[in-house]
Each structure stands twice: as C-alpha cells, then as structure tokens.
Amino acid sequence: MSLLAFLAQQPEPVQRAVDTVTTGEAISFWVLGPLALAGALGMLFARNAVHSALWLVVTMLSLGVLYMVQQAPFLGFVQIIVYTGAIMMLFLFVLMMVGRDSSDSVVEVIRGQRLAAALLGIGFAVLMVASIARALTSVQSAGLAEANTTNGGNVGNIGTKLFTEYLFAFELTSALLITAALGAMILAFVGRDGKPAKKTQKELVEERFQEGKRVGSIPGPGVFATANSVATPALLPDGSVAEESLFDVIEATDRSALSDDVSEVAGTGHQPDSHALKGSES
Amino acid sequence: MTQQFVAAEIGETAKLLADDPIWLILVKVVAIFAFLVVMTLFMINWERKVVARMQHRPGPNRVGPNGWLQSLADGLKLAFKEDIRPVLADKWVFFLAPVISCIPAFLAFSVIPLAGEVNLFGEQTALQLVDLPVGVLVVLACSSIGVYGIVLSGWASGSPYPLLGALRSAAQVISYEIAMGLSIVAVIMFTGSMSTGDIVGAQASTVLGFAPGWFGLLLFPSFAIYVVSMVGETNRAPFDLPEAESELVGGFHTEYSSLKFALFFLAEYVNMVTVSALATTLFLGGYHAPWSGDFMNTGWWGLLWFIIKTLAFLFLFIWLRGTLPRMRYDQFMRLGWKVLVPTSLVWIMAVAVIRTGAIQQLSTAQRLIALGVVVGLVLLVSFLLPDKKVQDSKGVPLAGSGFPVPPLDLAVPKSAPKRKVKVATIPADDTAKAVTTGKEAE
C-alpha cells in the first residue's frame, strides 16, 4: 500500500523538551502579549461603554490564541467560543440596549467605592505578583507533551479529569449556573395576574367566524388612488363611498382644519410646477 | 464500526499535513480564498437563476454566456459606488464591522477537508489547510466571532432599523449555535475525535455491506437538527429575520453601501458555503464516494464528491428561499429553544446509552432489559402528557387543513349603521383661502 510506505518514510514526530520556548511561540507571545495589554488598557480608558467591551474582546481573543500556541488548542477555542462568543456578546447586548451616548459617569454612587476598589486592586496585584514569582522560581514545569499525546490527547485528558477528579466542582458549577438562570427568569417573568391566557391567532379567527362578524379586514382609506391623505374615503366598485373606510376622528373634525387636504384631494390646491425644484428663494 | 478501527484512523490526515512546506501552505490558502470567492459569485447567479425558474421567469440572461457573469458585473459596479457613512455613525466601528464579519467566514474554511491524499506539485498532501484536534470547534468559534460583525454594524450605524436587525441577529445566532453544537456532539461521540479529518475518515466504511456509513444516515436526528440550525445560523430564508425587508428595510446593513456592503454580501455567501461544507464533512462522508473500495474513492476524485455534496446543500438553501415564507420571530425562537435543543439533548442521551451498550459487550438478556426499561420510561412519559383538548361539536366547522371555513348558508352580515357621508364639495372661497395660505407659507 502506497500510503503505508509513505507514512513509513516520515520522520518521527519531534518530542519537544519540557521547558524550551520555540521561535514561533516567542514571536506569537511578543505579538499577542502587547495586544492583550493594549486591549486591557483600552477597556479601562475608553469613554464609550461599547468601545470598552470591544477592547476587552481584543484581550480575550489574544488570550485564546496564546492558549493555542501553548499547546492547549481546546482551551483556546473554548475561550473564544464561550468568553468572546457568548459572554461578551451578552454584555454587548445589554450595552446596546442602554443607548449609544451613555458614557461613564464620574459620580461616586456607593460611598467609599473608590477606596475599596483601590484596596482590593492592590491586594489582587500582590497576589498575582506573588504567584507568578513562585511559578517562575520554585515550580517544576511538567510540560504538556505527555498530556497531549497519550490517552486521547488534549481533549480526552481534559474530559477525563473533568468527569473523574473534578466531578464535584464541575457539578457544583453547573448547579450554580442553573440556579442563576432560573433566578434571572423569575425576576424577568411578568405574570398575567389571573387574567385569562392570551388567545392564539387560531382562536381569534374561530371566534370571529362564530360571531358572524365581518371576516375580512376593514377597507383602508383611499390613499393610494388619488391622494395621500387619510381623510380620503375608499371607493366601492360602483363609485360610492365605502363607509367602513371613514375614520371617526376625521369625520368629527371641523372642516376648516382639513382645508389643505380637501383642496389637495379635489386637485384645486397649489400644484408644484417645474420652478418648485429651484427651492423657495426664487 | 469498532473502536479499533476508529483508533487506527485517527491522526492520519494530521500526519499527512505535518510536513507541508511553507509554499504549499500558501498555495492552499490562496486556493481556498479563490474557491470561496468563485463559489460566492457562482452562488449568487445560481440562486437568481434557480429562484427565477421556480417562479416561471427567465432570470439574469444578459451578461456573459447565459447571464453567468451577471454577479461579476454587479460586484464591479458595487465597488465603484459611493461610500456613504451616516452622520451619527461611530466612525471606527462602522468601518470595522464588515471586516469582522468577513474574516472569520474565510477562516472557518481552513479546517474543511476537500479531498484525501493527493499529489500536489510533487508533494504528497491532503487537500486541507490544517487538521486540528479540535477542528469542529474552529467553525463554531469563527461563527461566534462573525456575529460581532453583524451586531456592531447594527449598533454603529446609529439608526433604529439596523439596531433592531442586529439585536435579532445576535439572539438568533446565539440560540441556534447551541442547537448546532448539540447536533455535532453525537458525531463527535461516534468518531471519538473532533478533528474534521478523523470524522471524514470514520465515515469511509459501509454499513450492512452496501449503504455508505455516513453519519447522516446513522445519526439522522442530528443531521436534521444540524440542517435546520445551519439555515438559522446563516440568517437565510425562512429565518432571515435580521434583514427582513418588509419590517427592517435591510436590517443590519441598511446604512452600508459600496465595498462595505459587498463585504457583508460576501460574508453571507461564504458562510453558506462553509456550513454546507461542514454538513458534508460531518454527515455526508466528506470526500468519500457513496460506495467504497473503488478508484473513484481516491485522490482528486474526492474533490468532485465533496463539491457535488456541498452544491446539494447550497441548492437546498436556494430551494428553501424560493419556497418558504419568513417565520415570525417568536415562532422562530420557539422552534429553536423548545424543539431543537430538547430534541438534541434527548437524542444525545440515547446515543450515549447505545454507545455504552455497544462498547461494553452486553449479553442479549442485558440488552433486552435495557430496551424494556427505555420502553417503560417512554410509556410513563406518554401517560403523563396532558390530553389534547377535544373540539366541541358546536364549534366552527373545520376544513381538512384545520382552519375554519365559513358555513354554507352564510348570510352576508349587515355593515355598521350608516352615517351621513359628506361628499367633498368645496366652496369656492374656501379653496381660494387654502391656496393663498399655501403661498404665504412659502
């Protein structure tokens, strides 16, 4: 078989050493790292809420690609699908509903908000620096070569871990999410408060037939024929006025208020001629 | 199809692609780009011609042989049109949106296997750009980025119709992506891999000696759900609510013109080609011929089968557009969340149980017991369902269609009591006044 012979010629797949950084990885890091940082800064300093959200999307996309480069393709694509695709889209959804011109308010709503935020931020920064420092000095890196080649590869190993070792945490998270979704639904649900259920289209039609009322729709005004005024009555085939097309409010209006419409329908009013194109200053 | 067989197939395409030189990768990139652009031009023309034929009219027949160059001419014209940006538009986002919607559309096609092992310029390779272990997720990720283009275009235009279209589109694509993802799960469970190359490889065998082992036949419910959700995902009729002409003018692209509009157009058609190609890959055996073990199942022949199957799906898109009216928004959402998603979940459960049973080599007695339990559960659920309301006999007579028909002895009802009609007779002085006031206003 030619395929087998061909495969036999191939060199063995290169086993990467545990803690070397390839040129490609270095290049991607130096491209994506600043991009992610720029996205984060842009998110902080953009005045428009939607622009902020977009900058955050840049950061998340960069992180996703970084994961892929670091031999975690599944994590990378899930980052893009879940965070960029679903969560940020929901954010954007809300921001768009808020309106275009809603910029950040500089008024402090909760007392002591800034102080608390500053303290928490500093605390978080200390934690981050400490953990990164520890990771750089005293943690032995195991490498992903084994996890990515044995036992079904990257995806298979994540699945195994998730559904055996971390099953409890996984189930707990899903229970939390379901609770949150249910809560949101209850908060957003507007009951009909004892009112009967809304009739469906079919029920409405059947009701109309049973009552023996007019089944079709009521004729509209004759706006399309000679004029564009709703005061114009529709005409029946014999030329008489279709009374159902008359509008009560207009019928009750004083005649002088409608004089413009009347003159337009009668064709006696001011008609535009070719000079009308030149505008009013002529 | 046994477990060993699947394991043997895994990674073959990836190995084949691993030693591609850079120039070959570039050739493939350019070829995929050209393929998609040509498919778009062809598809627009084909769509117009097929829909025209369905409506008994000739369709485009002036430009080029039989009118086949019409979309090329239209594309050139579009490029030379005036580029308009509304005053209220957000400058950068308005410019970025069409680009964002276009790039992922092309990107998604990189994981689609067009043919198996071929000899390309003296280099043994597969007609596929990359074969990632998470190939199917690439397509889903690209589609979720593509929505940004639509949503941002709607928001950045600064006018209400595009915003409404964008909101609809976002809700639509997010909901139908769930159904689409769930329909793919069953395929992944059978293959044991998310790589598109492996999924096609797993469909090479035949079932019962003659039928092709395509997942479209083995996992028909998944296939059906995928086909419905791929139409919803690409915003095509009957699910084209984001650009419903009668309600939203043009939807999200109302304010766009010239090349930016062309990019949206391109993205829509490239997305159609991509989801069709993914359907071919996942459910119709990709580049495999409908029979196995023939010379027509090797090399460049695969490209032919792949294109034929993809064109069949694209024809389905056109056919749906020519046949079905647009769905109402609430009906559309109900279909997605209350029909497609629960059905997929139940079906995935069933597939999981069947797979476990097949792998664990159960005895006949154990299988029969399992079957009995399943039947018992189905019966229990069916008893719990509420009865359908019986139509009372005094009600309106229904025709076979279920819609009410007027009784045979229908007397035309009297209309509302007559009012005095004032016929428009205009007094002379009244008219004169109207005319003068009009002049004064000028």
# chains A, B, ... in the order shown; residues from 1 in each chain; ligands from 1
>>> interface_residues(of="chain A", to="chain B", cutoff="8 Å", atoms="only C-alpha atoms", output="PyMOL selection string")
chain A and resi 7+73-74+77-78+80-81+84-86+89+93+96+100+155+202+205-206+209-210+212-214+241+243-244+259-260+262-263+266+268-270+280
>>> atom_distance(atom1="CA of Arg326 in chain B", atom2="CA of Ile218 in chain A")
25.0 Å
>>> residues_around(residues="range 34-40 of chain A", least_positions_apart="6", cutoff="9 Å", atoms="only C-alpha atoms", output="ChimeraX atom specification")
/A:52,54-63
>>> write_last_selection(atoms="N, CA and C atoms", output="tab-separated table (two decimals), in the first residue's frame")
chain	number	residue	atom	x	y	z
A	52	SER	N	-15.35	50.04	25.18
A	52	SER	CA	-14.72	49.30	26.28
A	52	SER	C	-14.89	47.81	26.07
A	54	LEU	N	-15.43	46.23	23.37
A	54	LEU	CA	-14.67	45.75	22.21
A	54	LEU	C	-13.20	45.57	22.54
A	55	TRP	N	-12.66	46.49	23.35
A	55	TRP	CA	-11.26	46.34	23.75
A	55	TRP	C	-11.08	45.05	24.55
A	56	LEU	N	-12.07	44.77	25.39
A	56	LEU	CA	-11.99	43.54	26.18
A	56	LEU	C	-12.01	42.31	25.27
A	57	VAL	N	-12.78	42.40	24.18
A	57	VAL	CA	-12.82	41.30	23.22
A	57	VAL	C	-11.43	41.06	22.64
A	58	VAL	N	-10.72	42.16	22.35
A	58	VAL	CA	-9.36	42.02	21.82
A	58	VAL	C	-8.49	41.24	22.80
A	59	THR	N	-8.58	41.62	24.09
A	59	THR	CA	-7.79	40.91	25.10
A	59	THR	C	-8.14	39.43	25.13
A	60	MET	N	-9.43	39.13	25.12
A	60	MET	CA	-9.85	37.73	25.23
A	60	MET	C	-9.41	36.93	24.02
A	61	LEU	N	-9.50	37.53	22.84
A	61	LEU	CA	-9.06	36.82	21.63
A	61	LEU	C	-7.56	36.54	21.71
A	62	SER	N	-6.79	37.54	22.16
A	62	SER	CA	-5.34	37.34	22.26
A	62	SER	C	-5.03	36.21	23.23
A	63	LEU	N	-5.74	36.20	24.36
A	63	LEU	CA	-5.52	35.13	25.34
A	63	LEU	C	-5.84	33.78	24.71
>>> residues_around(residues="Asn148 in chain A", least_positions_apart="3", cutoff="12 Å", atoms="only C-alpha atoms", output="VMD selection string")
(chain A and resid 15 to 16 70 to 74 143 to 145 151 to 158) or (chain B and resid 133)
